[in-house]
Amino acid sequence: MNKSKLLLLVRANWPLLVILGLAVFLRFYQLEEFLHFANDEARDAYVVKEMIERDFIRLLGPPTTIGNFYLGPFFYYFLAPFYLIFNLAPVAGGWAVAALDIITVGLIYFFTKKHFSTLTARLAILLYVTSFWLNIYERWGWNPNVLPFFTILTLWLTSQVFFSKKYRLIGIISLAAVVALAGQAHAQGLWLLPLVLLLFIISKRAALLKKNVVRRNLLYAGLFGLIYLLVNLPLIIFEFQTGGQNSRAVINWILTVRESISWLDRIEQGLGDFIQFTSQLVLNKEAIGFVLLLFLLPSSYFIWRQHSCLKGLIWSTQSRQLWALRAILFLFGLVLSSFFLTAEKKYFHFFLLLAPVIFIYLGFLFAQVYRRWGWWSRTLVLALVVFLVSANLLNTVTYWCNLKAGTQTGEFDLPLRDMQAATNYIVANSCAQARVKAVGVEDEQQAFQYLFARAGRNVIWIEDCGGYEFVITRNLQEDGQRFGRLRLLEENK
């Protein structure tokens, strides 16, 4: 490609390049210093370390929070190359997830541009990239945080299978593998399988009735199922070896009522959590009413003006835009239903599967309003976008500044930098085997253990009141060496 063509390409795509540059900055800025590294991440780091140093084969992945069953091993194999590159340093997990999210941004852009418009695509990725909560989760090496990648890749591949006859066989094979891996990444990823099935049944309903294509569709379905099973072969082997341990855990969870709560209360609680997480993703949890208006008012207007398209939204097989809206609608419904099915506490990471489609849909609504009423609707949309982007960026910068100053309080307040500094101090000021007591850092104790192991130091964790050399505590009021959000006390020497 000569220089003139390159300049033309840059000029035509400069908004995309600017947003991608912003994404790189927000995902990688001081990643090692601000990384969230706690017991779950340390558990995964130990497994990957053992894979690299001893035996690379693993049949199981991380355990689930709800249900007490095991996921597949995908996430460990995904982390392994990064841990090799970074010499088993904890930052490897953050790099792995952040790099994958940059690819996710690109996929969101090209999928949205192809199915909606360039304006919608630019708005979607700008809002996605600057989301405060995504800036936390997509810089963090935890298995649920890869779900946005699988969501948008599933939509992209499903669209290719439906709308492109070329490479359809390869598309089906790839789609089956991606959906299977999504279920191994996190339990919420399992919803992508019924999503694909629903989209296939609705979009191909007419073809399914034609005798001359029944055999071909059965062949495709059989191939999809075969690849899905092959990708999940490690879990199948584990089931045979343990007499169905995972299956029994899932069945027991379904049959056991963990909390005495009626279905009406479950629906009310689940809907409330769903709305709160939507607000949290787009802006923050204190702005639920404002965020609801962002979705409901343009949606109501779109339905009123485009009511003739509602039938096509469900049944059309020709329009890429209606097909994409249908996919978003179905995924919304599936994830929302998961919030009704469980009585246990819901967490924000249960919602990450929806992150790409939330911003695609919001970008679509903004683009509809932008083009509707002339200069004042364009001004309104631009003002809303500037407000959302500015508010999220301000939250992000404030969070980083507080982490740097050691004044961050609440969730994710203890960065890897502080933990590493406390670990280095103990290593430098103790003998071969340090006796350490942890106070208020129980969620990070295994992570500290991993940091000590990387430094080649054995540690005895003291649970009682005496016999320790060092106390690692979050109590910043006591005397002792200060490391950001940590205090290090030296006792009983």
# chains A, B, ... in the order shown; residues from 1 in each chain; ligands from 1
>>> select_by_dssp(residues="stretch 208-392 of chain A", states="helix (DSSP H, G or I)", output="CSV table (one decimal) with C-alpha atoms, in the first residue's frame")
chain,number,residue,atom,x,y,z
A,208,LEU,CA,-36.9,-25.7,7.5
A,211,LYS,CA,-37.9,-30.9,1.9
A,212,ASN,CA,-34.9,-30.2,-0.4
A,213,VAL,CA,-33.1,-28.3,2.4
A,214,VAL,CA,-34.0,-30.4,5.4
A,215,ARG,CA,-31.1,-32.8,4.9
A,216,ARG,CA,-28.6,-30.0,4.6
A,217,ASN,CA,-29.9,-28.3,7.7
A,218,LEU,CA,-29.8,-31.5,9.6
A,219,LEU,CA,-26.2,-31.9,8.4
A,220,TYR,CA,-25.3,-28.4,9.6
A,221,ALA,CA,-27.0,-29.1,13.0
A,222,GLY,CA,-25.2,-32.4,13.4
A,223,LEU,CA,-21.9,-30.8,12.6
A,224,PHE,CA,-22.6,-27.9,15.0
A,225,GLY,CA,-23.4,-30.4,17.8
A,226,LEU,CA,-20.3,-32.5,17.1
A,227,ILE,CA,-17.9,-29.6,17.3
A,228,TYR,CA,-19.7,-28.3,20.4
A,229,LEU,CA,-19.1,-31.7,22.1
A,230,LEU,CA,-15.5,-32.0,20.9
A,231,VAL,CA,-14.6,-28.6,22.3
A,233,LEU,CA,-14.5,-33.1,25.5
A,234,PRO,CA,-12.3,-32.3,28.7
A,235,LEU,CA,-15.5,-31.8,30.7
A,236,ILE,CA,-17.1,-35.0,29.2
A,237,ILE,CA,-13.9,-37.0,30.2
A,238,PHE,CA,-14.1,-35.6,33.7
A,239,GLU,CA,-17.7,-36.6,33.9
A,240,PHE,CA,-16.9,-40.2,33.0
A,241,GLN,CA,-13.9,-40.2,35.4
A,242,THR,CA,-16.0,-38.9,38.4
A,245,GLN,CA,-19.8,-35.0,39.5
A,246,ASN,CA,-20.5,-31.9,37.6
A,247,SER,CA,-24.0,-33.1,36.5
A,248,ARG,CA,-24.9,-34.0,40.1
A,249,ALA,CA,-23.8,-30.6,41.3
A,250,VAL,CA,-26.0,-28.8,38.7
A,251,ILE,CA,-29.0,-31.1,39.5
A,252,ASN,CA,-28.6,-30.6,43.2
A,253,TRP,CA,-28.4,-26.8,42.7
A,254,ILE,CA,-31.6,-26.8,40.6
A,255,LEU,CA,-33.4,-29.0,43.1
A,263,TRP,CA,-41.2,-16.4,42.1
A,264,LEU,CA,-42.9,-13.0,42.3
A,265,ASP,CA,-40.1,-11.7,44.6
A,266,ARG,CA,-37.5,-13.3,42.4
A,267,ILE,CA,-38.8,-11.5,39.4
A,268,GLU,CA,-39.0,-8.2,41.2
A,269,GLN,CA,-35.5,-8.6,42.6
A,270,GLY,CA,-34.1,-9.8,39.3
A,271,LEU,CA,-35.6,-7.0,37.3
A,272,GLY,CA,-34.3,-4.5,39.8
A,273,ASP,CA,-30.8,-6.0,39.6
A,274,PHE,CA,-31.0,-6.0,35.8
A,275,ILE,CA,-32.0,-2.3,35.6
A,276,GLN,CA,-29.3,-1.4,38.2
A,277,PHE,CA,-26.6,-3.1,36.3
A,278,THR,CA,-27.7,-1.4,33.1
A,279,SER,CA,-27.4,1.9,34.8
A,280,GLN,CA,-24.0,0.9,36.3
A,281,LEU,CA,-22.7,-0.1,32.9
A,282,VAL,CA,-23.8,3.0,31.0
A,285,LYS,CA,-25.9,3.0,39.8
A,286,GLU,CA,-27.1,6.4,41.2
A,287,ALA,CA,-28.6,7.4,37.8
A,288,ILE,CA,-31.1,4.6,37.2
A,289,GLY,CA,-34.0,7.0,36.2
A,290,PHE,CA,-31.8,8.9,33.8
A,291,VAL,CA,-30.4,5.8,32.1
A,292,LEU,CA,-33.9,4.2,31.8
A,293,LEU,CA,-35.0,7.4,30.0
A,294,LEU,CA,-32.1,7.1,27.6
A,295,PHE,CA,-33.4,3.7,26.5
A,296,LEU,CA,-37.2,4.0,27.0
A,297,LEU,CA,-37.9,7.3,25.3
A,298,PRO,CA,-36.1,6.7,22.0
A,299,SER,CA,-37.3,3.1,22.0
A,300,SER,CA,-40.9,4.2,22.4
A,301,TYR,CA,-40.6,6.7,19.7
A,302,PHE,CA,-38.9,4.2,17.4
A,303,ILE,CA,-41.8,1.7,18.0
A,304,TRP,CA,-44.4,4.4,17.4
A,305,ARG,CA,-42.8,5.6,14.1
A,307,HIS,CA,-44.5,0.0,14.1
A,308,SER,CA,-44.8,-1.5,10.7
A,309,CYS,CA,-41.3,-3.0,11.2
A,310,LEU,CA,-42.3,-4.8,14.4
A,311,LYS,CA,-43.5,-7.8,12.5
A,312,GLY,CA,-40.3,-7.9,10.5
A,313,LEU,CA,-38.3,-7.6,13.7
A,314,ILE,CA,-39.5,-11.1,14.6
A,315,TRP,CA,-40.0,-12.7,11.2
A,320,ARG,CA,-29.5,-7.2,8.5
A,321,GLN,CA,-30.6,-4.4,10.8
A,322,LEU,CA,-33.8,-6.2,11.9
A,323,TRP,CA,-31.9,-9.4,12.3
A,324,ALA,CA,-29.4,-7.7,14.6
A,325,LEU,CA,-32.1,-6.0,16.6
A,326,ARG,CA,-33.8,-9.4,17.0
A,327,ALA,CA,-30.5,-10.9,18.2
A,328,ILE,CA,-30.2,-8.1,20.8
A,329,LEU,CA,-33.8,-8.6,21.9
A,330,PHE,CA,-33.4,-12.3,22.3
A,331,LEU,CA,-30.1,-12.0,24.3
A,332,PHE,CA,-31.7,-9.4,26.5
A,333,GLY,CA,-34.6,-11.8,27.3
A,334,LEU,CA,-32.3,-14.8,28.0
A,335,VAL,CA,-30.0,-12.9,30.4
A,336,LEU,CA,-33.0,-11.3,32.1
A,337,SER,CA,-34.5,-14.7,32.6
A,338,SER,CA,-31.3,-15.9,34.3
A,339,PHE,CA,-31.8,-13.1,36.8
A,340,PHE,CA,-35.3,-14.6,37.6
A,341,LEU,CA,-34.1,-18.2,37.8
A,348,PHE,CA,-22.2,-7.2,38.0
A,349,HIS,CA,-20.1,-9.8,36.2
A,350,PHE,CA,-23.3,-11.8,35.5
A,351,PHE,CA,-24.2,-8.9,33.2
A,352,LEU,CA,-21.0,-8.6,31.2
A,353,LEU,CA,-22.4,-10.9,28.5
A,354,LEU,CA,-24.7,-8.1,27.5
A,355,ALA,CA,-22.1,-5.3,27.5
A,356,PRO,CA,-21.6,-5.2,23.7
A,357,VAL,CA,-25.3,-5.3,22.7
A,358,ILE,CA,-26.3,-2.7,25.4
A,359,PHE,CA,-24.0,-0.2,23.7
A,360,ILE,CA,-24.9,-1.3,20.1
A,361,TYR,CA,-28.5,-0.7,20.9
A,362,LEU,CA,-27.9,2.6,22.7
A,363,GLY,CA,-25.8,3.7,19.7
A,364,PHE,CA,-28.6,2.7,17.4
A,365,LEU,CA,-31.2,4.7,19.4
A,366,PHE,CA,-28.9,7.8,19.4
A,367,ALA,CA,-28.3,7.5,15.7
A,368,GLN,CA,-32.1,7.3,15.1
A,369,VAL,CA,-32.6,10.5,17.1
A,370,TYR,CA,-29.6,12.2,15.5
A,375,TRP,CA,-29.9,20.5,14.1
A,376,TRP,CA,-31.6,20.4,17.5
A,377,SER,CA,-31.8,16.5,17.6
A,378,ARG,CA,-28.1,16.4,16.6
A,379,THR,CA,-27.2,18.8,19.3
A,380,LEU,CA,-29.2,16.8,21.9
A,381,VAL,CA,-27.5,13.5,20.9
A,382,LEU,CA,-24.0,15.1,20.9
A,383,ALA,CA,-24.7,16.6,24.3
A,384,LEU,CA,-25.8,13.3,25.8
A,385,VAL,CA,-22.8,11.5,24.3
A,386,VAL,CA,-20.4,14.1,25.6
A,387,PHE,CA,-22.0,13.9,29.0
A,388,LEU,CA,-21.8,10.1,29.2
A,389,VAL,CA,-18.3,10.0,28.0
A,390,SER,CA,-17.1,12.8,30.2
A,391,ALA,CA,-18.8,11.4,33.3
A,392,ASN,CA,-17.3,8.0,32.8
>>> residues_around(residues="stretch 440-443 of chain A", least_positions_apart="4", cutoff="8 Å", atoms="only C-alpha atoms", output="VMD selection string")
chain A and resid 38 to 39 472 to 475
>>> write_last_selection(atoms="C-alpha atoms", output="PDB file, in the first residue's frame")
ATOM      1  CA  ALA A  38      -7.221 -11.337  44.656  1.00  0.00           C
ATOM      2  CA  ASN A  39      -7.837 -14.962  45.616  1.00  0.00           C
ATOM      3  CA  ILE A 472      -0.653  -7.001  56.903  1.00  0.00           C
ATOM      4  CA  THR A 473      -3.740  -4.921  57.587  1.00  0.00           C
ATOM      5  CA  ARG A 474      -6.172  -2.509  55.971  1.00  0.00           C
ATOM      6  CA  ASN A 475      -6.383  -0.565  59.238  1.00  0.00           C
TER       7      ASN A 475
END
>>> residues_around(residues="stretch 399-411 of chain A", least_positions_apart="2", cutoff="6 Å", atoms="only C-alpha atoms", output="NGL selection string")
:A and (396-397 or 413 or 484-485)
>>> write_last_selection(atoms="N, CA and C atoms", output="PDB file, in the first residue's frame")
ATOM      1  N   THR A 396     -13.263   7.382  35.918  1.00  0.00           N
ATOM      2  CA  THR A 396     -12.071   6.554  35.728  1.00  0.00           C
ATOM      3  C   THR A 396     -10.825   7.258  36.231  1.00  0.00           C
ATOM      4  N   VAL A 397     -10.651   8.517  35.847  1.00  0.00           N
ATOM      5  CA  VAL A 397      -9.471   9.274  36.264  1.00  0.00           C
ATOM      6  C   VAL A 397      -9.461   9.452  37.774  1.00  0.00           C
ATOM      7  N   ASP A 413     -10.432  -1.574  45.908  1.00  0.00           N
ATOM      8  CA  ASP A 413      -9.639  -0.476  46.458  1.00  0.00           C
ATOM      9  C   ASP A 413      -8.177  -0.845  46.692  1.00  0.00           C
ATOM     10  N   GLY A 484       0.168   2.386  50.449  1.00  0.00           N
ATOM     11  CA  GLY A 484      -1.130   2.673  49.842  1.00  0.00           C
ATOM     12  C   GLY A 484      -2.265   2.363  50.781  1.00  0.00           C
ATOM     13  N   ARG A 485      -3.083   1.377  50.413  1.00  0.00           N
ATOM     14  CA  ARG A 485      -4.227   0.994  51.233  1.00  0.00           C
ATOM     15  C   ARG A 485      -3.859  -0.023  52.312  1.00  0.00           C
TER      16      ARG A 485
END
